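start08.txt (compact mmCIF, C-alpha atoms) appears below.
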```txt
# COMPACT_ATOMS: atom_id res chain seq x y z
CA ASN A 1 -3.30 -50.29 45.19
CA ALA A 2 0.42 -50.20 44.38
CA GLY A 3 0.17 -53.30 42.15
CA VAL A 4 3.55 -54.96 41.62
CA THR A 5 6.58 -53.11 42.97
CA GLN A 6 10.25 -53.86 42.38
CA THR A 7 13.42 -52.57 43.97
CA PRO A 8 15.98 -51.43 43.10
CA LYS A 9 15.33 -49.78 39.73
CA PHE A 10 18.95 -49.99 38.70
CA GLN A 11 21.96 -51.82 40.08
CA VAL A 12 25.60 -52.24 39.12
CA LEU A 13 27.42 -55.32 40.41
CA LYS A 14 30.90 -56.70 40.05
CA THR A 15 31.40 -60.27 38.90
CA GLY A 16 31.04 -62.64 41.85
CA GLN A 17 28.94 -60.33 44.01
CA SER A 18 25.55 -61.44 45.26
CA MET A 19 22.35 -59.47 45.56
CA THR A 20 18.61 -59.81 45.99
CA LEU A 21 16.03 -58.24 43.70
CA GLN A 22 12.85 -57.48 45.61
CA CYS A 23 9.31 -57.95 44.33
CA ALA A 24 6.05 -57.37 46.16
CA GLN A 25 2.39 -57.33 45.16
CA ASP A 26 -0.70 -56.19 47.05
CA MET A 27 -3.36 -57.90 44.92
CA ASN A 28 -3.39 -61.18 46.89
CA HIS A 29 -2.27 -63.06 43.78
CA GLU A 30 -1.18 -66.64 44.25
CA TYR A 31 0.98 -66.79 41.15
CA MET A 32 4.22 -64.81 40.91
CA SER A 33 7.08 -65.08 38.47
CA TRP A 34 10.40 -63.61 37.43
CA TYR A 35 11.40 -62.93 33.83
CA ARG A 36 14.50 -61.56 32.24
CA GLN A 37 14.37 -59.45 29.10
CA ASP A 38 17.26 -59.41 26.68
CA PRO A 39 17.42 -57.68 23.30
CA GLY A 40 15.77 -59.72 20.54
CA MET A 41 14.79 -62.53 22.90
CA GLY A 42 11.54 -61.34 24.41
CA LEU A 43 10.90 -62.38 28.00
CA ARG A 44 12.23 -65.62 29.41
CA LEU A 45 10.87 -67.19 32.58
CA ILE A 46 13.43 -67.66 35.35
CA HIS A 47 11.42 -68.99 38.31
CA TYR A 48 7.81 -68.98 39.35
CA SER A 49 5.67 -69.68 42.39
CA VAL A 50 2.07 -70.87 42.62
CA GLY A 51 1.73 -69.98 46.29
CA ALA A 52 3.58 -69.44 49.55
CA GLY A 53 6.16 -72.16 50.09
CA ILE A 54 5.97 -73.43 46.48
CA THR A 55 8.47 -72.50 43.79
CA ASP A 56 9.60 -74.05 40.53
CA GLN A 57 12.10 -73.46 37.75
CA GLY A 58 11.33 -71.76 34.50
CA GLU A 59 13.24 -71.70 31.25
CA VAL A 60 16.51 -70.10 32.48
CA PRO A 61 16.92 -70.80 36.24
CA ASN A 62 20.69 -71.29 36.49
CA GLY A 63 22.44 -68.78 38.74
CA TYR A 64 19.24 -67.65 40.46
CA ASN A 65 17.43 -68.67 43.65
CA VAL A 66 13.94 -67.82 44.85
CA SER A 67 11.80 -68.39 47.91
CA ARG A 68 8.19 -67.54 48.73
CA SER A 69 7.58 -67.20 52.43
CA THR A 70 4.53 -64.94 52.05
CA THR A 71 1.86 -64.39 49.41
CA GLU A 72 3.04 -60.81 48.90
CA ASP A 73 6.80 -61.18 48.40
CA PHE A 74 8.90 -63.08 45.88
CA PRO A 75 12.60 -62.12 46.00
CA LEU A 76 15.10 -63.22 43.38
CA ARG A 77 18.65 -63.90 44.52
CA LEU A 78 21.75 -63.83 42.38
CA LEU A 79 24.27 -66.02 44.14
CA SER A 80 27.43 -65.03 42.27
CA ALA A 81 26.78 -62.47 39.56
CA ALA A 82 28.16 -63.02 36.05
CA PRO A 83 28.25 -60.62 33.07
CA SER A 84 25.76 -62.94 31.32
CA GLN A 85 23.20 -61.90 33.93
CA THR A 86 23.23 -58.30 32.72
CA SER A 87 19.61 -57.83 31.79
CA VAL A 88 16.33 -56.21 32.74
CA TYR A 89 14.37 -58.23 35.27
CA PHE A 90 10.60 -58.15 35.56
CA CYS A 91 8.42 -59.57 38.28
CA ALA A 92 4.80 -60.44 37.51
CA SER A 93 1.77 -61.72 39.41
CA SER A 94 -1.65 -63.07 38.52
CA SER A 95 -4.56 -65.10 39.68
CA PRO A 96 -3.88 -68.85 39.52
CA SER A 97 -4.54 -69.52 35.86
CA GLY A 98 -2.47 -69.21 32.72
CA ARG A 99 -5.56 -67.73 31.15
CA GLU A 100 -5.53 -64.72 33.42
CA THR A 101 -3.83 -61.38 32.94
CA GLN A 102 -0.38 -61.09 34.46
CA TYR A 103 0.55 -57.77 36.05
CA PHE A 104 4.12 -56.64 35.68
CA GLY A 105 6.36 -54.52 37.86
CA PRO A 106 8.41 -51.63 36.42
CA GLY A 107 11.58 -53.71 36.16
CA THR A 108 15.11 -53.75 37.57
CA ARG A 109 17.96 -52.96 35.23
CA LEU A 110 21.07 -54.92 36.27
CA LEU A 111 24.58 -54.39 34.96
CA VAL A 112 27.27 -56.89 35.91
CA LEU A 113 30.82 -55.76 35.24
CA GLY B 114 5.89 -77.33 23.12
CA ASP B 115 3.84 -74.17 23.02
CA SER B 116 5.35 -71.24 21.16
CA VAL B 117 4.60 -67.79 19.78
CA THR B 118 6.07 -66.26 16.63
CA GLN B 119 5.90 -62.54 15.94
CA MET B 120 6.97 -60.52 12.94
CA GLU B 121 10.37 -58.99 13.37
CA GLY B 122 10.69 -55.27 13.71
CA PRO B 123 11.23 -52.52 13.82
CA VAL B 124 8.06 -51.37 12.14
CA THR B 125 8.25 -47.72 11.13
CA LEU B 126 5.04 -45.90 10.16
CA SER B 127 3.88 -42.36 9.64
CA GLU B 128 1.20 -40.96 11.93
CA GLU B 129 -2.35 -42.02 10.90
CA ALA B 130 -1.09 -45.07 8.99
CA PHE B 131 -2.67 -48.51 9.37
CA LEU B 132 -0.85 -50.96 11.61
CA THR B 133 -0.67 -54.75 11.48
CA ILE B 134 1.68 -56.80 13.64
CA ASN B 135 1.49 -60.50 12.87
CA CYS B 136 1.41 -63.16 15.57
CA THR B 137 0.99 -66.90 15.16
CA TYR B 138 1.05 -69.57 17.81
CA THR B 139 1.48 -73.27 18.39
CA ALA B 140 -0.35 -74.76 21.35
CA THR B 141 -2.16 -77.79 22.61
CA GLY B 142 -5.64 -77.27 23.89
CA TYR B 143 -7.37 -73.90 23.92
CA PRO B 144 -5.08 -71.17 25.20
CA SER B 145 -5.85 -67.56 25.95
CA LEU B 146 -4.01 -65.02 23.81
CA PHE B 147 -2.67 -61.66 24.89
CA TRP B 148 -1.04 -58.54 23.53
CA TYR B 149 1.17 -56.66 25.96
CA VAL B 150 2.75 -53.27 25.31
CA GLN B 151 5.99 -51.90 26.75
CA TYR B 152 6.53 -48.14 26.55
CA PRO B 153 10.11 -46.86 26.79
CA GLY B 154 11.57 -47.36 30.26
CA GLU B 155 8.48 -49.09 31.62
CA GLY B 156 7.24 -52.58 32.41
CA LEU B 157 4.76 -54.54 30.34
CA GLN B 158 1.08 -53.76 30.53
CA LEU B 159 -1.84 -55.66 29.10
CA LEU B 160 -3.19 -54.14 25.90
CA LEU B 161 -5.91 -56.67 25.07
CA LYS B 162 -6.74 -60.34 25.32
CA ALA B 163 -9.04 -63.03 23.93
CA THR B 164 -9.92 -66.24 25.71
CA LYS B 165 -11.56 -68.36 23.01
CA ALA B 166 -11.77 -68.80 19.27
CA ASP B 167 -13.37 -65.94 17.29
CA ASP B 168 -13.19 -63.61 20.29
CA LYS B 169 -12.05 -60.09 19.45
CA GLY B 170 -10.02 -58.20 22.01
CA SER B 171 -9.94 -54.40 21.75
CA ASN B 172 -8.49 -51.45 23.64
CA LYS B 173 -7.28 -47.93 22.80
CA GLY B 174 -8.17 -48.42 19.12
CA PHE B 175 -6.19 -51.66 18.86
CA GLU B 176 -7.92 -54.91 17.90
CA ALA B 177 -6.98 -58.57 17.56
CA THR B 178 -9.14 -61.58 16.68
CA TYR B 179 -8.43 -65.10 17.95
CA ARG B 180 -8.33 -67.22 14.77
CA LYS B 181 -8.10 -70.90 15.62
CA GLU B 182 -8.17 -72.05 12.00
CA THR B 183 -5.03 -70.05 11.17
CA THR B 184 -3.58 -70.12 14.74
CA SER B 185 -3.16 -66.36 14.59
CA PHE B 186 -3.80 -63.29 16.73
CA HIS B 187 -2.70 -60.34 14.59
CA LEU B 188 -2.73 -56.87 16.16
CA GLU B 189 -4.29 -54.04 14.13
CA LYS B 190 -4.96 -50.35 14.52
CA GLY B 191 -6.58 -48.16 11.92
CA SER B 192 -4.67 -44.95 12.60
CA VAL B 193 -1.51 -44.94 14.70
CA GLN B 194 -0.25 -42.01 16.74
CA VAL B 195 3.25 -41.03 17.80
CA SER B 196 2.28 -42.05 21.34
CA ASP B 197 1.81 -45.66 20.13
CA SER B 198 5.56 -46.01 19.69
CA ALA B 199 6.49 -48.95 21.92
CA VAL B 200 7.38 -52.63 21.87
CA TYR B 201 4.46 -55.01 21.43
CA PHE B 202 4.51 -58.59 22.71
CA CYS B 203 2.16 -61.37 21.74
CA ALA B 204 1.71 -64.03 24.44
CA LEU B 205 -0.06 -67.31 25.04
CA GLY B 206 -1.47 -68.61 28.31
CA GLY B 207 -2.69 -72.16 28.61
CA SER B 208 -3.53 -74.72 31.22
CA SER B 209 -0.33 -74.10 33.18
CA TYR B 210 0.51 -70.88 34.96
CA LYS B 211 3.13 -69.83 32.47
CA LEU B 212 2.88 -67.19 29.80
CA ILE B 213 4.77 -67.87 26.58
CA PHE B 214 5.96 -64.64 24.93
CA GLY B 215 6.95 -63.80 21.41
CA SER B 216 10.19 -61.91 20.87
CA GLY B 217 8.47 -58.53 20.62
CA THR B 218 7.99 -56.07 17.78
CA ARG B 219 9.19 -52.50 18.09
CA LEU B 220 6.88 -49.89 16.56
CA LEU B 221 8.13 -46.41 15.72
CA VAL B 222 5.58 -43.85 14.59
CA ARG B 223 6.90 -40.67 12.98
CA PRO B 224 4.99 -37.38 12.96
```
The structure given in the file should be rewritten as structure tokens.
Amino acid sequence: NAGVTQTPKFQVLKTGQSMTLQCAQDMNHEYMSWYRQDPGMGLRLIHYSVGAGITDQGEVPNGYNVSRSTTEDFPLRLLSAAPSQTSVYFCASSSPSGRETQYFGPGTRLLVL
Amino acid sequence: GDSVTQMEGPVTLSEEAFLTINCTYTATGYPSLFWYVQYPGEGLQLLLKATKADDKGSNKGFEATYRKETTSFHLEKGSVQVSDSAVYFCALGGSSYKLIFGSGTRLLVRP
């Protein structure tokens, strides 16, 4: 079991560039989500999905797109990177209940210049 | 809306000292409560959880009791080690799929 995997581990972008952060899980979890972590602000929910073909916005969705074509994968797309998107991004998955443990990937550190 | 408030850090302790990290919450209904830990350079991992009032979660010497009357879930450990140095997050999970996180408390344990 690999759990939740994320690629890349680190990325540098220039303002205006686009990129996709990859997330995959092998636990057959229906629920997947993306968070960003900024100093002193904890984790903030960007987008989440409760199953293939279903996505919804979290607390800070602007500038990001997601899709969920399979149960396993949940990529996060930055359409036009901005310095304000410099952050550490975590993907998580869980069984379909807020009461259940969420499993986190190792994170992607993104620097936008 | 639902929210979680944690004590601000950093918390600096000597090895073998007693640890308390305060966490209080605001929620409708009966949420589950979690403590996650993030070691340097890593993602978050579950430390312990409690799913109903008066439940005590425990793991690796850490404990937290779900107190509905005080809406609290304070994290405690009787004797910390240098290897416990990390950031600790309190979180709340309710009837929706979302986890609500506190801002995190950094713990530094000195030899």
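Of the listed residues (A:Ser49, A:Thr70, A:Thr55, A:Thr108), A:Thr108 comes nearest to Phe90 in chain A; the distances count all atoms listed in the file.
Using all atoms listed in the file, the smallest distance between any of A:Val112, A:Gly58, A:Ala81, A:Ser87 and Ile213 in chain B comes from A:Gly58.
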Per residue of chain A within 8 Å of chain B, note the shortest atom pair and the distance in Å to one decimal, counting all atoms listed in the file, and order the rows by chain and increasing residue number, as JSON lines.
```
{"residue": "A:Tyr31", "atom": "CA", "partner": "B:Tyr210", "partner_atom": "CA", "distance": 7.4}
{"residue": "A:Gly40", "atom": "CA", "partner": "B:Ser216", "partner_atom": "CA", "distance": 6.0}
{"residue": "A:Met41", "atom": "CA", "partner": "B:Ser216", "partner_atom": "CA", "distance": 5.1}
{"residue": "A:Gly42", "atom": "CA", "partner": "B:Ser216", "partner_atom": "CA", "distance": 3.8}
{"residue": "A:Leu43", "atom": "CA", "partner": "B:Phe214", "partner_atom": "CA", "distance": 6.2}
{"residue": "A:Arg44", "atom": "CA", "partner": "B:Phe214", "partner_atom": "CA", "distance": 7.8}
{"residue": "A:Val50", "atom": "CA", "partner": "B:Tyr210", "partner_atom": "CA", "distance": 7.8}
{"residue": "A:Phe90", "atom": "CA", "partner": "B:Gly156", "partner_atom": "CA", "distance": 7.2}
{"residue": "A:Pro96", "atom": "CA", "partner": "B:Tyr210", "partner_atom": "CA", "distance": 6.6}
{"residue": "A:Ser97", "atom": "CA", "partner": "B:Tyr210", "partner_atom": "CA", "distance": 5.3}
{"residue": "A:Gly98", "atom": "CA", "partner": "B:Tyr210", "partner_atom": "CA", "distance": 4.1}
{"residue": "A:Arg99", "atom": "CA", "partner": "B:Gly206", "partner_atom": "CA", "distance": 5.1}
{"residue": "A:Glu100", "atom": "CA", "partner": "B:Gly206", "partner_atom": "CA", "distance": 7.6}
{"residue": "A:Thr101", "atom": "CA", "partner": "B:Leu159", "partner_atom": "CA", "distance": 7.2}
{"residue": "A:Gln102", "atom": "CA", "partner": "B:Leu159", "partner_atom": "CA", "distance": 7.8}
{"residue": "A:Tyr103", "atom": "CA", "partner": "B:Gln158", "partner_atom": "CA", "distance": 6.8}
{"residue": "A:Phe104", "atom": "CA", "partner": "B:Leu157", "partner_atom": "CA", "distance": 5.8}
{"residue": "A:Gly105", "atom": "CA", "partner": "B:Gly156", "partner_atom": "CA", "distance": 5.9}
{"residue": "A:Pro106", "atom": "CA", "partner": "B:Gly156", "partner_atom": "CA", "distance": 4.3}
{"residue": "A:Gly107", "atom": "CA", "partner": "B:Gly156", "partner_atom": "CA", "distance": 5.8}
```
Writer output for current selection, C-alpha atoms, as a PDB file, keeping the file's coordinate frame:
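Dumped to out_25.pdb:
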```
ATOM      1  CA  TYR A  31       0.980 -66.790  41.150  1.00  0.00           C
ATOM      2  CA  GLY A  40      15.770 -59.720  20.540  1.00  0.00           C
ATOM      3  CA  MET A  41      14.790 -62.530  22.900  1.00  0.00           C
ATOM      4  CA  GLY A  42      11.540 -61.340  24.410  1.00  0.00           C
ATOM      5  CA  LEU A  43      10.900 -62.380  28.000  1.00  0.00           C
ATOM      6  CA  ARG A  44      12.230 -65.620  29.410  1.00  0.00           C
ATOM      7  CA  VAL A  50       2.070 -70.870  42.620  1.00  0.00           C
ATOM      8  CA  PHE A  90      10.600 -58.150  35.560  1.00  0.00           C
ATOM      9  CA  PRO A  96      -3.880 -68.850  39.520  1.00  0.00           C
ATOM     10  CA  SER A  97      -4.540 -69.520  35.860  1.00  0.00           C
ATOM     11  CA  GLY A  98      -2.470 -69.210  32.720  1.00  0.00           C
ATOM     12  CA  ARG A  99      -5.560 -67.730  31.150  1.00  0.00           C
ATOM     13  CA  GLU A 100      -5.530 -64.720  33.420  1.00  0.00           C
ATOM     14  CA  THR A 101      -3.830 -61.380  32.940  1.00  0.00           C
ATOM     15  CA  GLN A 102      -0.380 -61.090  34.460  1.00  0.00           C
ATOM     16  CA  TYR A 103       0.550 -57.770  36.050  1.00  0.00           C
ATOM     17  CA  PHE A 104       4.120 -56.640  35.680  1.00  0.00           C
ATOM     18  CA  GLY A 105       6.360 -54.520  37.860  1.00  0.00           C
ATOM     19  CA  PRO A 106       8.410 -51.630  36.420  1.00  0.00           C
ATOM     20  CA  GLY A 107      11.580 -53.710  36.160  1.00  0.00           C
TER      21      GLY A 107
END
```
Go through B:Thr139, B:Trp148, B:Val195, B:Gln119 and flag the residue nearest Ala177 in chain B, using all atoms listed in the file for the distances. B:Trp148
Could you name the residues that touch Ser18 in chain A at 6 Å or less, counting all atoms listed in the file, but leaving out those on the same chain fewer than 4 positions away, as a compact mmCIF listing (two decimals) with C-alpha atoms, keeping the file's coordinate frame?
```
# COMPACT_ATOMS: atom_id res chain seq x y z
CA LEU A 78 21.75 -63.83 42.38
CA LEU A 79 24.27 -66.02 44.14
CA SER A 80 27.43 -65.03 42.27
CA ALA A 81 26.78 -62.47 39.56
```
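Distance-wise, CA of Trp34 in chain A and CA of Lys165 in chain B end up 26.7 Å apart.
Of the residues under consideration (A:Val4, A:Val60, A:Ala82, A:Met32), A:Ala82 shows the shortest atom-to-atom contact distance to Gly16 in chain A when counting all atoms listed in the file.
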One decimal, Å: what's the distance from CA of Thr141 in chain B over to CA of Ser93 in chain A, could you say? 23.6 Å
In Å, with one decimal, what is the gap from CA of Ser196 in chain B to CA of Leu126 in chain B?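 It comes out at 12.1 Å.
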For Leu110 in chain A, the closest of A:Val66, A:Ala2, A:Leu21, A:Ile54 counting all atoms listed in the file is A:Leu21
A:Asp38, A:Val88, A:Pro83, A:Ser94: which is nearest Phe10 in chain A, counting all atoms listed in the file? A:Val88
Up to 9 Å from (12.7, -68.5, 48.3) in the file's coordinates: name the residues, counting only C-alpha atoms, as a PyMOL selection string. chain A and resi 53-55+65-69+74-77
Final N, CA and C atoms of range 201-217 of chain B as a compact mmCIF listing (two decimals), in the coordinates of the input:
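Result saved to out05.txt:
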```txt
# COMPACT_ATOMS: atom_id res chain seq x y z
N TYR B 201 5.68 -54.24 21.27
CA TYR B 201 4.46 -55.01 21.43
C TYR B 201 4.80 -56.50 21.49
N PHE B 202 4.25 -57.17 22.50
CA PHE B 202 4.51 -58.59 22.71
C PHE B 202 3.21 -59.38 22.59
N CYS B 203 3.25 -60.41 21.79
CA CYS B 203 2.16 -61.37 21.74
C CYS B 203 2.48 -62.48 22.74
N ALA B 204 1.47 -63.00 23.43
CA ALA B 204 1.71 -64.03 24.44
C ALA B 204 0.56 -65.02 24.48
N LEU B 205 0.90 -66.19 24.98
CA LEU B 205 -0.06 -67.31 25.04
C LEU B 205 -0.11 -67.83 26.46
N GLY B 206 -1.32 -68.05 26.97
CA GLY B 206 -1.47 -68.61 28.31
C GLY B 206 -2.39 -69.81 28.23
N GLY B 207 -1.90 -70.94 28.75
CA GLY B 207 -2.69 -72.16 28.61
C GLY B 207 -3.09 -72.74 29.94
N SER B 208 -3.04 -74.05 30.02
CA SER B 208 -3.53 -74.72 31.22
C SER B 208 -2.55 -74.61 32.38
N SER B 209 -1.28 -74.33 32.09
CA SER B 209 -0.33 -74.10 33.18
C SER B 209 -0.35 -72.63 33.54
N TYR B 210 0.47 -72.27 34.51
CA TYR B 210 0.51 -70.88 34.96
C TYR B 210 1.36 -69.99 34.06
N LYS B 211 2.10 -70.58 33.16
CA LYS B 211 3.13 -69.83 32.47
C LYS B 211 2.58 -69.09 31.26
N LEU B 212 3.14 -67.92 31.03
CA LEU B 212 2.88 -67.19 29.80
C LEU B 212 4.06 -67.44 28.86
N ILE B 213 3.75 -67.72 27.60
CA ILE B 213 4.77 -67.87 26.58
C ILE B 213 4.74 -66.61 25.73
N PHE B 214 5.90 -65.91 25.65
CA PHE B 214 5.96 -64.64 24.93
C PHE B 214 6.63 -64.80 23.58
N GLY B 215 6.19 -64.00 22.63
CA GLY B 215 6.95 -63.80 21.41
C GLY B 215 8.14 -62.90 21.69
N SER B 216 8.95 -62.67 20.68
CA SER B 216 10.19 -61.91 20.87
C SER B 216 9.98 -60.40 20.89
N GLY B 217 8.77 -59.96 20.59
CA GLY B 217 8.47 -58.53 20.62
C GLY B 217 8.69 -57.86 19.27
```
